[in-house]
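Enquirer: Got structure-v3.txt for you, compact mmCIF, C-alpha atoms and all ligand atoms:
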# COMPACT_ATOMS: atom_id res chain seq x y z
CA LEU A 299 4.59 -25.48 -104.41
CA ALA A 300 7.19 -27.65 -106.14
CA ALA A 301 8.65 -24.67 -108.02
CA LYS A 302 8.99 -22.68 -104.78
CA MET A 303 10.73 -25.56 -103.01
CA ALA A 304 13.05 -26.10 -105.99
CA HIS A 305 13.90 -22.39 -106.05
CA ASP A 306 14.86 -22.46 -102.37
CA LEU A 307 17.05 -25.53 -102.93
CA GLY A 308 18.97 -23.88 -105.79
CA ASN A 309 21.63 -25.99 -107.51
CA ALA A 310 20.83 -29.00 -105.36
CA VAL A 311 17.97 -29.79 -107.74
CA VAL A 312 19.20 -31.44 -110.95
CA LEU A 313 16.55 -31.81 -113.65
CA GLY A 314 16.61 -33.98 -116.76
CA ALA A 315 18.80 -36.61 -115.11
CA PRO A 316 16.83 -39.86 -114.81
CA VAL A 317 18.45 -42.26 -112.36
CA ARG A 318 19.68 -45.37 -114.17
CA SER A 319 21.26 -47.28 -111.29
CA ILE A 320 21.80 -47.25 -107.54
CA GLU A 321 24.66 -49.13 -105.95
CA GLN A 322 25.01 -49.47 -102.22
CA ASP A 323 27.60 -50.90 -99.84
CA ASP A 324 28.61 -50.40 -96.21
CA ALA A 325 30.02 -46.93 -96.96
CA GLY A 326 27.03 -45.41 -98.77
CA VAL A 327 25.26 -45.23 -102.12
CA VAL A 328 26.26 -44.23 -105.63
CA VAL A 329 23.40 -42.89 -107.76
CA THR A 330 24.16 -42.90 -111.50
CA THR A 331 22.41 -40.72 -114.08
CA ALA A 332 23.22 -39.61 -117.62
CA LYS A 333 24.53 -36.37 -116.05
CA GLY A 334 26.94 -38.03 -113.64
CA HIS A 335 27.28 -39.90 -110.36
CA TRP A 336 26.21 -38.79 -106.90
CA ARG A 337 27.55 -40.27 -103.67
CA ALA A 338 25.54 -40.12 -100.47
CA ARG A 339 25.07 -41.87 -97.18
CA ARG A 340 21.45 -42.70 -98.01
CA VAL A 341 19.01 -42.20 -100.88
CA ILE A 342 15.24 -41.71 -101.04
CA VAL A 343 13.56 -43.04 -104.19
CA THR A 344 10.34 -41.10 -104.83
CA ALA A 345 9.40 -42.59 -108.23
CA PRO A 346 6.17 -44.65 -108.24
CA PRO A 347 6.87 -48.39 -107.68
CA PRO A 348 6.64 -49.44 -111.36
CA LEU A 349 9.12 -46.72 -112.35
CA ALA A 350 11.37 -47.39 -109.36
CA SER A 351 11.56 -50.95 -110.71
CA ARG A 352 13.20 -49.67 -113.90
CA ILE A 353 16.24 -48.53 -111.92
CA VAL A 354 19.04 -51.13 -111.73
CA TYR A 355 19.98 -51.88 -108.10
CA THR A 356 23.25 -53.42 -106.95
CA PRO A 357 23.02 -55.62 -105.02
CA ALA A 358 19.65 -56.72 -106.36
CA LEU A 359 16.59 -55.84 -104.27
CA PRO A 360 14.97 -58.48 -102.04
CA ALA A 361 12.43 -60.67 -103.86
CA LEU A 362 9.53 -59.20 -101.87
CA ARG A 363 10.34 -55.62 -102.91
CA ASP A 364 10.98 -56.53 -106.54
CA GLY A 365 7.80 -58.61 -106.63
CA LEU A 366 5.80 -55.70 -105.21
CA THR A 367 6.96 -53.27 -107.88
CA GLN A 368 6.07 -55.78 -110.62
CA ARG A 369 2.51 -55.90 -109.30
CA MET A 370 1.56 -52.22 -109.01
CA PRO A 371 0.66 -50.91 -112.48
CA LEU A 372 -0.15 -47.27 -113.16
CA GLY A 373 -3.57 -46.43 -114.55
CA CYS A 374 -4.08 -44.88 -117.97
CA VAL A 375 -5.22 -41.25 -118.15
CA ILE A 376 -5.28 -38.41 -120.68
CA LYS A 377 -5.83 -34.87 -119.39
CA VAL A 378 -7.00 -32.05 -121.64
CA HIS A 379 -7.24 -28.27 -121.12
CA VAL A 380 -9.25 -26.27 -123.65
CA ALA A 381 -9.09 -22.46 -123.48
CA TYR A 382 -11.68 -20.02 -124.86
CA ALA A 383 -11.86 -16.24 -125.00
CA ARG A 384 -14.73 -16.42 -122.49
CA PRO A 385 -16.74 -19.09 -120.66
CA PHE A 386 -19.56 -18.96 -123.22
CA TRP A 387 -21.40 -21.89 -121.63
CA ARG A 388 -22.11 -19.76 -118.54
CA GLU A 389 -24.01 -17.28 -120.75
CA ALA A 390 -26.34 -20.16 -121.68
CA GLY A 391 -26.84 -20.99 -118.01
CA TYR A 392 -24.58 -24.07 -117.92
CA THR A 393 -22.07 -24.86 -115.16
CA GLY A 394 -19.60 -26.38 -117.62
CA GLN A 395 -19.58 -29.65 -115.70
CA VAL A 396 -20.41 -32.76 -117.71
CA LEU A 397 -20.59 -36.43 -116.81
CA SER A 398 -22.01 -38.54 -119.61
CA ASP A 399 -21.64 -41.76 -121.60
CA ARG A 400 -22.65 -40.05 -124.85
CA THR A 401 -19.17 -38.91 -125.85
CA VAL A 402 -15.57 -40.22 -125.89
CA PHE A 403 -13.89 -37.63 -123.64
CA GLY A 404 -15.02 -36.53 -120.22
CA PRO A 405 -15.87 -35.76 -117.49
CA TRP A 406 -15.50 -32.03 -118.04
CA PHE A 407 -15.19 -29.23 -115.51
CA ASP A 408 -15.22 -25.44 -115.78
CA HIS A 409 -11.89 -24.15 -114.56
CA SER A 410 -12.23 -20.58 -115.82
CA PRO A 411 -11.39 -17.73 -113.45
CA LEU A 412 -14.35 -17.05 -111.15
CA HIS A 413 -15.25 -13.77 -112.84
CA GLY A 414 -14.92 -15.27 -116.31
CA SER A 415 -12.16 -13.08 -117.78
CA THR A 416 -11.23 -16.11 -119.93
CA GLY A 417 -12.83 -19.51 -120.42
CA GLY A 418 -11.38 -22.89 -119.64
CA LEU A 419 -12.59 -26.47 -119.58
CA VAL A 420 -10.57 -29.34 -118.15
CA GLY A 421 -11.41 -32.90 -119.06
CA PHE A 422 -10.15 -36.42 -118.53
CA LEU A 423 -10.22 -39.74 -120.33
CA CYS A 424 -9.39 -42.75 -118.19
CA GLY A 425 -8.99 -46.53 -118.34
CA GLY A 426 -9.66 -48.61 -121.46
CA PRO A 427 -10.82 -45.72 -123.67
CA ALA A 428 -7.69 -43.73 -122.74
CA GLN A 429 -5.57 -46.72 -123.71
CA GLN A 430 -7.27 -46.83 -127.12
CA TRP A 431 -6.76 -43.09 -127.68
CA ALA A 432 -3.21 -42.83 -126.31
CA ASP A 433 -1.60 -43.99 -129.55
CA ARG A 434 -3.86 -42.06 -131.92
CA PRO A 435 -2.47 -38.90 -133.62
CA ALA A 436 -2.75 -35.79 -131.42
CA ALA A 437 -4.80 -34.04 -134.13
CA ASP A 438 -7.42 -36.83 -133.98
CA ARG A 439 -7.71 -36.47 -130.20
CA ARG A 440 -8.07 -32.70 -130.47
CA ALA A 441 -10.78 -33.04 -133.15
CA GLN A 442 -12.70 -35.59 -131.05
CA VAL A 443 -12.42 -33.46 -127.89
CA LEU A 444 -13.86 -30.39 -129.63
CA LYS A 445 -16.60 -32.45 -131.28
CA ASP A 446 -17.54 -33.87 -127.86
CA ILE A 447 -17.66 -30.47 -126.15
CA ALA A 448 -19.74 -29.04 -129.00
CA ILE A 449 -22.44 -31.66 -128.34
CA TYR A 450 -22.95 -30.14 -124.89
CA PHE A 451 -22.21 -26.46 -125.41
CA GLY A 452 -22.71 -25.76 -129.13
CA ASP A 453 -20.46 -24.79 -132.04
CA ALA A 454 -18.63 -22.09 -130.09
CA ALA A 455 -16.70 -25.01 -128.59
CA LEU A 456 -15.10 -25.75 -131.97
CA THR A 457 -12.88 -22.65 -131.96
CA PRO A 458 -10.72 -22.60 -128.81
CA ILE A 459 -7.88 -20.13 -128.39
CA ASP A 460 -5.62 -22.83 -126.97
CA TYR A 461 -5.53 -26.57 -126.41
CA ILE A 462 -3.14 -28.51 -124.18
CA GLU A 463 -3.13 -32.23 -123.52
CA GLU A 464 -0.97 -34.71 -121.67
CA VAL A 465 -1.14 -38.39 -122.46
CA TRP A 466 0.30 -39.52 -119.14
CA THR A 467 0.84 -43.08 -120.34
CA LYS A 468 3.34 -41.75 -122.89
CA ALA A 469 5.23 -39.39 -120.59
CA PRO A 470 8.60 -41.21 -120.36
CA LEU A 471 9.08 -40.81 -116.60
CA HIS A 472 5.44 -41.13 -115.59
CA ARG A 473 3.92 -43.85 -117.79
CA GLY A 474 0.41 -43.37 -116.42
CA GLY A 475 -1.72 -42.04 -113.60
CA TYR A 476 -3.33 -41.13 -111.34
CA VAL A 477 -1.51 -43.61 -109.14
CA ALA A 478 0.10 -47.06 -109.13
CA SER A 479 -2.39 -49.48 -107.55
CA PRO A 480 -1.80 -52.94 -106.09
CA THR A 481 -3.28 -55.84 -108.04
CA PRO A 482 -5.28 -58.50 -106.11
CA GLY A 483 -3.27 -60.36 -103.48
CA VAL A 484 -0.49 -57.79 -103.29
CA MET A 485 -1.63 -56.18 -100.04
CA THR A 486 -1.67 -59.52 -98.25
CA ALA A 487 1.55 -60.95 -99.71
CA PHE A 488 3.89 -58.07 -100.60
CA TRP A 489 2.77 -55.01 -98.59
CA PRO A 490 5.59 -54.92 -95.97
CA ALA A 491 8.01 -54.12 -98.83
CA LEU A 492 6.16 -50.91 -99.76
CA ARG A 493 7.87 -48.71 -97.18
CA GLU A 494 10.55 -50.95 -95.66
CA PRO A 495 13.99 -49.48 -96.49
CA VAL A 496 16.43 -51.76 -98.29
CA GLY A 497 19.73 -51.02 -96.59
CA ARG A 498 20.47 -47.40 -97.45
CA ILE A 499 17.60 -47.05 -99.91
CA HIS A 500 14.36 -45.48 -98.62
CA TRP A 501 11.02 -45.35 -100.46
CA SER A 502 8.71 -42.38 -100.73
CA GLY A 503 5.95 -41.14 -103.07
CA THR A 504 2.17 -40.99 -102.79
CA GLU A 505 1.81 -44.79 -103.09
CA THR A 506 3.69 -45.18 -99.79
CA ALA A 507 1.54 -42.73 -97.82
CA GLY A 508 -0.53 -43.80 -94.82
CA ALA A 509 -3.39 -41.55 -96.01
CA TRP A 510 -4.30 -39.64 -99.19
CA VAL A 511 -2.67 -42.23 -101.46
CA GLY A 512 -2.92 -41.03 -105.05
CA TYR A 513 -3.03 -37.35 -104.11
CA ILE A 514 -0.42 -34.64 -103.64
CA GLU A 515 -1.28 -34.65 -99.94
CA GLY A 516 -0.12 -38.28 -99.77
CA ALA A 517 3.08 -37.44 -101.65
CA ILE A 518 3.94 -34.68 -99.15
CA ARG A 519 3.14 -36.86 -96.15
CA SER A 520 5.31 -39.66 -97.54
CA GLY A 521 8.18 -37.23 -98.15
CA GLU A 522 8.03 -36.08 -94.54
CA ARG A 523 7.96 -39.69 -93.31
CA ALA A 524 10.95 -40.70 -95.48
CA ALA A 525 12.92 -37.58 -94.46
CA ASP A 526 12.33 -38.42 -90.77
CA GLU A 527 13.38 -42.00 -91.47
CA VAL A 528 16.69 -40.89 -92.98
CA ALA A 529 17.29 -38.19 -90.36
CA GLY A 530 16.97 -40.87 -87.70
CA LYS A 531 19.77 -42.84 -89.34
CA LEU A 532 22.29 -40.03 -89.95
C1 LIG B 1 -4.01 -36.32 -114.81
C2 LIG B 1 -3.78 -36.31 -113.33
C3 LIG B 1 -4.55 -35.51 -112.53
C4 LIG B 1 -4.35 -35.48 -111.14
N1 LIG B 1 -5.11 -34.65 -110.37
C5 LIG B 1 -4.86 -34.55 -109.05
C6 LIG B 1 -5.57 -33.62 -108.24
O1 LIG B 1 -6.44 -32.89 -108.70
N2 LIG B 1 -5.26 -33.55 -106.91
C7 LIG B 1 -4.29 -34.34 -106.35
O2 LIG B 1 -4.01 -34.21 -105.15
N3 LIG B 1 -3.59 -35.23 -107.11
C8 LIG B 1 -3.86 -35.34 -108.44
N4 LIG B 1 -3.15 -36.23 -109.21
C9 LIG B 1 -2.21 -37.13 -108.54
C10 LIG B 1 -0.91 -36.41 -108.20
O3 LIG B 1 -0.36 -35.86 -109.38
C11 LIG B 1 0.05 -37.44 -107.59
O4 LIG B 1 -0.53 -38.04 -106.46
C12 LIG B 1 1.35 -36.78 -107.15
O5 LIG B 1 1.98 -36.11 -108.22
C13 LIG B 1 2.28 -37.86 -106.64
O6 LIG B 1 3.51 -37.26 -106.29
P1 LIG B 1 4.79 -38.17 -106.18
O7 LIG B 1 5.91 -37.27 -105.82
O8 LIG B 1 4.50 -39.35 -105.33
O9 LIG B 1 5.00 -38.77 -107.65
P2 LIG B 1 5.19 -38.02 -109.03
O10 LIG B 1 4.54 -36.68 -109.03
O11 LIG B 1 4.80 -39.02 -110.08
O12 LIG B 1 6.73 -37.76 -109.04
C14 LIG B 1 7.62 -38.81 -109.27
C15 LIG B 1 8.77 -38.21 -110.02
O13 LIG B 1 9.77 -39.20 -110.23
C16 LIG B 1 10.35 -38.94 -111.47
N5 LIG B 1 11.05 -40.14 -111.90
C17 LIG B 1 10.55 -41.32 -112.34
N6 LIG B 1 11.54 -42.18 -112.62
C18 LIG B 1 12.70 -41.53 -112.35
C19 LIG B 1 14.07 -41.87 -112.44
N7 LIG B 1 14.48 -43.08 -112.86
N8 LIG B 1 15.01 -40.94 -112.10
C20 LIG B 1 14.63 -39.71 -111.66
N9 LIG B 1 13.34 -39.32 -111.55
C21 LIG B 1 12.39 -40.23 -111.89
C22 LIG B 1 9.21 -38.54 -112.37
O14 LIG B 1 9.67 -37.79 -113.47
C23 LIG B 1 8.38 -37.69 -111.41
O15 LIG B 1 8.72 -36.33 -111.52
C24 LIG B 1 -3.34 -36.28 -110.57
C25 LIG B 1 -2.55 -37.10 -111.39
C26 LIG B 1 -2.77 -37.11 -112.77
C27 LIG B 1 -1.89 -38.00 -113.63
Once more with this new file: its structure as structure tokens, please.
Expert:
Amino acid sequence: LAAKMAHDLGNAVVLGAPVRSIEQDDAGVVVTTAKGHWRARRVIVTAPPPLASRIVYTPALPALRDGLTQRMPLGCVIKVHVAYARPFWREAGYTGQVLSDRTVFGPWFDHSPLHGSTGGLVGFLCGGPAQQWADRPAADRRAQVLKDIAIYFGDAALTPIDYIEEVWTKAPLHRGGYVASPTPGVMTAFWPALREPVGRIHWSGTETAGAWVGYIEGAIRSGERAADEVAGKL
């Protein structure tokens, strides 16, 4: 979906250019990145609140907005894909789905093609255990993942044809997942600042959605709401 939209937008999409600062005055905004400056009448910030707070704003944001973004941490999650020549667990009568407290990584789900032309398992590690494993060497995580899967599905699990992981906490422009959540007291004291534009700066992203917060559906809904907001001002 994102790739198709980016394709249609052509050169308007600039990748690898993290926004460092946003200045606004009566005439418009200036967005500064390592790849240059962009001038516009208005800007929509779609980064999750804790990452939006790393951008330098001039003039400074209202205390309520800044306070909100200091109080919405991202969770910690590691996602792992393990590929096999075939979904061998199905041959043993297993679904490939595992939820257990016997191993480090999990839950696991079978995400092989329906007809089993190749095999794939997708698994997650969340919260405290993910925090502990985020800074371990990648080879240690891989070894533990395979050891865990082998407990459920046997030694065939030890020889995947591919292995891909993402430690979301360590991704420089993500710093966690699945979503930034408000800490206690934030919804009663800071919530109006979640969506309220600050001058020419508008806020979008799944955290600002009215429904499906934390999901792509929420991100899309919030994008539509922010686009309408800006269109109404132009
Ligand atoms: C492991 C994992 C599994 C998930 N599984 C599902 C699922 O199955 N179904 C589902 O619906 N949702 C799932 N989600 C949640 C889903 O990914 C998010 O809800 C969705 O991506 C939010 O979209 P967004 O546009 O609000 O934010 P993001 O996708 O986080 O996009 C924000 C963007 O802002 C960029 N950014 C940050 N700072 C700056 C900056 N200073 N300058 C420029 N760009 C910046 C980031 O690089 C990022 O690309 C999952 C999330 C994770 C982490």
Enquirer: Would you list the residues that come within 7 Å of ligand LIG 1 (chain B)? Count only C-alpha atoms and all ligand atoms and give the answer as an NGL selection string.
Expert: :A and (315-318 or 344-346 or 349-350 or 352-353 or 375-377 or 466 or 471-472 or 474-477 or 502-505 or 511-517)
Enquirer: Choose the residue, out of A:Ala524, A:Ile499, A:Cys374, A:Leu444, that has the smallest atom-to-atom separation from Trp406 in chain A; count only C-alpha atoms.
Expert: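 Checking each of A:Ala524, A:Ile499, A:Cys374, A:Leu444 against Trp406 in chain A, counting only C-alpha atoms, the winner is A:Leu444.
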Enquirer: Hey, which of A:Arg339, A:Lys333, A:Arg523, A:Arg400 ends up closest to Gly508 in chain A? Count all atoms listed in the file.
Expert: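 Counting all atoms listed in the file, the residue closest to Gly508 in chain A is A:Arg523.
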Enquirer: Give the answer as one residue: which of A:Ile518, A:Ile320, A:Ala529, A:Met485 has the shortest atom-to-atom distance to Gly365 in chain A, using all atoms listed in the file?
Expert: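 Checking each candidate against Gly365 in chain A, we get A:Met485 as the closest.
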Enquirer: Let me make sure I understand: among A:Asp438, A:Asp526, A:Asp399, A:Glu321, which one has the smallest atom-to-atom distance to Tyr355 in chain A if we use all atoms listed in the file?
Expert: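 Smallest separation from Tyr355 in chain A among the options: A:Glu321.
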Enquirer: I'd like to know which of A:Asp323, A:Val378, A:Phe386, A:Cys424 is closest to Ala436 in chain A, using all atoms listed in the file.
Expert: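 Closest residue, counting all atoms listed in the file: A:Val378.
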Enquirer: Which is closer to His335 in chain A than all the others in A:Ala428, A:Ser319, A:His409, A:Ser398, using only C-alpha atoms?
Expert: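 Distance minimum relative to His335 in chain A lands on A:Ser319.
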Enquirer: Skipping near chain neighbours, those fewer than 5 positions away, what residues fall within 12 Å of Val312 in chain A using only C-alpha atoms, listed as a PyMOL selection string?
Expert: chain A and resi 304-305+307+317+331-336
Enquirer: How many Å separate CA of Gln395 in chain A from CA of Ile462 in chain A?
Expert: 18.5 Å
Enquirer: Could range 413-424 of chain A be completed with all heavy atoms and returned as a PDB file, keeping the file's coordinate frame?
Expert:
ATOM      1  N   HIS A 413     -14.512 -14.873-112.211  1.00  0.00           N
ATOM      2  CA  HIS A 413     -15.250 -13.770-112.840  1.00  0.00           C
ATOM      3  C   HIS A 413     -15.301 -13.891-114.363  1.00  0.00           C
ATOM      4  O   HIS A 413     -15.820 -13.002-115.028  1.00  0.00           O
ATOM      5  CB  HIS A 413     -14.670 -12.439-112.390  1.00  0.00           C
ATOM      6  CG  HIS A 413     -14.773 -12.264-110.898  1.00  0.00           C
ATOM      7  ND1 HIS A 413     -15.997 -12.228-110.250  1.00  0.00           N
ATOM      8  CD2 HIS A 413     -13.822 -12.201-109.926  1.00  0.00           C
ATOM      9  CE1 HIS A 413     -15.804 -12.117-108.954  1.00  0.00           C
ATOM     10  NE2 HIS A 413     -14.484 -12.106-108.727  1.00  0.00           N
ATOM     11  N   GLY A 414     -14.730 -14.973-114.900  1.00  0.00           N
ATOM     12  CA  GLY A 414     -14.920 -15.270-116.310  1.00  0.00           C
ATOM     13  C   GLY A 414     -14.138 -14.387-117.276  1.00  0.00           C
ATOM     14  O   GLY A 414     -14.589 -14.156-118.403  1.00  0.00           O
ATOM     15  N   SER A 415     -12.950 -13.919-116.867  1.00  0.00           N
ATOM     16  CA  SER A 415     -12.160 -13.080-117.780  1.00  0.00           C
ATOM     17  C   SER A 415     -11.696 -13.886-118.990  1.00  0.00           C
ATOM     18  O   SER A 415     -11.521 -13.363-120.085  1.00  0.00           O
ATOM     19  CB  SER A 415     -10.980 -12.466-117.045  1.00  0.00           C
ATOM     20  OG  SER A 415     -10.289 -13.467-116.317  1.00  0.00           O
ATOM     21  N   THR A 416     -11.485 -15.190-118.811  1.00  0.00           N
ATOM     22  CA  THR A 416     -11.230 -16.110-119.930  1.00  0.00           C
ATOM     23  C   THR A 416     -12.013 -17.384-119.620  1.00  0.00           C
ATOM     24  O   THR A 416     -12.488 -17.564-118.505  1.00  0.00           O
ATOM     25  CB  THR A 416      -9.738 -16.478-120.069  1.00  0.00           C
ATOM     26  OG1 THR A 416      -9.298 -17.024-118.825  1.00  0.00           O
ATOM     27  CG2 THR A 416      -8.889 -15.281-120.443  1.00  0.00           C
ATOM     28  N   GLY A 417     -12.092 -18.270-120.631  1.00  0.00           N
ATOM     29  CA  GLY A 417     -12.830 -19.510-120.420  1.00  0.00           C
ATOM     30  C   GLY A 417     -11.910 -20.722-120.458  1.00  0.00           C
ATOM     31  O   GLY A 417     -10.951 -20.759-121.247  1.00  0.00           O
ATOM     32  N   GLY A 418     -12.193 -21.678-119.619  1.00  0.00           N
ATOM     33  CA  GLY A 418     -11.380 -22.890-119.640  1.00  0.00           C
ATOM     34  C   GLY A 418     -12.193 -24.099-119.233  1.00  0.00           C
ATOM     35  O   GLY A 418     -12.972 -24.043-118.293  1.00  0.00           O
ATOM     36  N   LEU A 419     -11.991 -25.186-119.973  1.00  0.00           N
ATOM     37  CA  LEU A 419     -12.590 -26.470-119.580  1.00  0.00           C
ATOM     38  C   LEU A 419     -11.455 -27.466-119.385  1.00  0.00           C
ATOM     39  O   LEU A 419     -10.476 -27.467-120.149  1.00  0.00           O
ATOM     40  CB  LEU A 419     -13.526 -26.988-120.678  1.00  0.00           C
ATOM     41  CG  LEU A 419     -14.825 -26.211-120.890  1.00  0.00           C
ATOM     42  CD1 LEU A 419     -15.549 -26.725-122.144  1.00  0.00           C
ATOM     43  CD2 LEU A 419     -15.750 -26.342-119.673  1.00  0.00           C
ATOM     44  N   VAL A 420     -11.559 -28.283-118.354  1.00  0.00           N
ATOM     45  CA  VAL A 420     -10.570 -29.340-118.150  1.00  0.00           C
ATOM     46  C   VAL A 420     -11.319 -30.666-118.186  1.00  0.00           C
ATOM     47  O   VAL A 420     -12.392 -30.798-117.600  1.00  0.00           O
ATOM     48  CB  VAL A 420      -9.782 -29.146-116.843  1.00  0.00           C
ATOM     49  CG1 VAL A 420     -10.686 -29.121-115.618  1.00  0.00           C
ATOM     50  CG2 VAL A 420      -8.724 -30.231-116.679  1.00  0.00           C
ATOM     51  N   GLY A 421     -10.743 -31.612-118.922  1.00  0.00           N
ATOM     52  CA  GLY A 421     -11.410 -32.900-119.060  1.00  0.00           C
ATOM     53  C   GLY A 421     -10.429 -34.062-118.963  1.00  0.00           C
ATOM     54  O   GLY A 421      -9.210 -33.884-119.108  1.00  0.00           O
ATOM     55  N   PHE A 422     -10.982 -35.237-118.729  1.00  0.00           N
ATOM     56  CA  PHE A 422     -10.150 -36.420-118.530  1.00  0.00           C
ATOM     57  C   PHE A 422     -10.703 -37.577-119.366  1.00  0.00           C
ATOM     58  O   PHE A 422     -11.898 -37.649-119.627  1.00  0.00           O
ATOM     59  CB  PHE A 422     -10.172 -36.854-117.063  1.00  0.00           C
ATOM     60  CG  PHE A 422      -9.663 -35.789-116.131  1.00  0.00           C
ATOM     61  CD1 PHE A 422     -10.530 -34.831-115.617  1.00  0.00           C
ATOM     62  CD2 PHE A 422      -8.338 -35.738-115.772  1.00  0.00           C
ATOM     63  CE1 PHE A 422     -10.079 -33.837-114.764  1.00  0.00           C
ATOM     64  CE2 PHE A 422      -7.871 -34.753-114.914  1.00  0.00           C
ATOM     65  CZ  PHE A 422      -8.735 -33.803-114.403  1.00  0.00           C
ATOM     66  N   LEU A 423      -9.809 -38.470-119.740  1.00  0.00           N
ATOM     67  CA  LEU A 423     -10.220 -39.740-120.330  1.00  0.00           C
ATOM     68  C   LEU A 423      -9.404 -40.809-119.609  1.00  0.00           C
ATOM     69  O   LEU A 423      -8.181 -40.712-119.537  1.00  0.00           O
ATOM     70  CB  LEU A 423      -9.925 -39.759-121.834  1.00  0.00           C
ATOM     71  CG  LEU A 423     -10.414 -41.001-122.576  1.00  0.00           C
ATOM     72  CD1 LEU A 423     -11.937 -41.078-122.540  1.00  0.00           C
ATOM     73  CD2 LEU A 423      -9.938 -40.995-124.018  1.00  0.00           C
ATOM     74  N   CYS A 424     -10.086 -41.792-119.051  1.00  0.00           N
ATOM     75  CA  CYS A 424      -9.390 -42.750-118.190  1.00  0.00           C
ATOM     76  C   CYS A 424      -9.655 -44.190-118.633  1.00  0.00           C
ATOM     77  O   CYS A 424     -10.621 -44.475-119.328  1.00  0.00           O
ATOM     78  CB  CYS A 424      -9.874 -42.612-116.750  1.00  0.00           C
ATOM     79  SG  CYS A 424      -9.663 -40.970-116.085  1.00  0.00           S
TER      80      CYS A 424
END
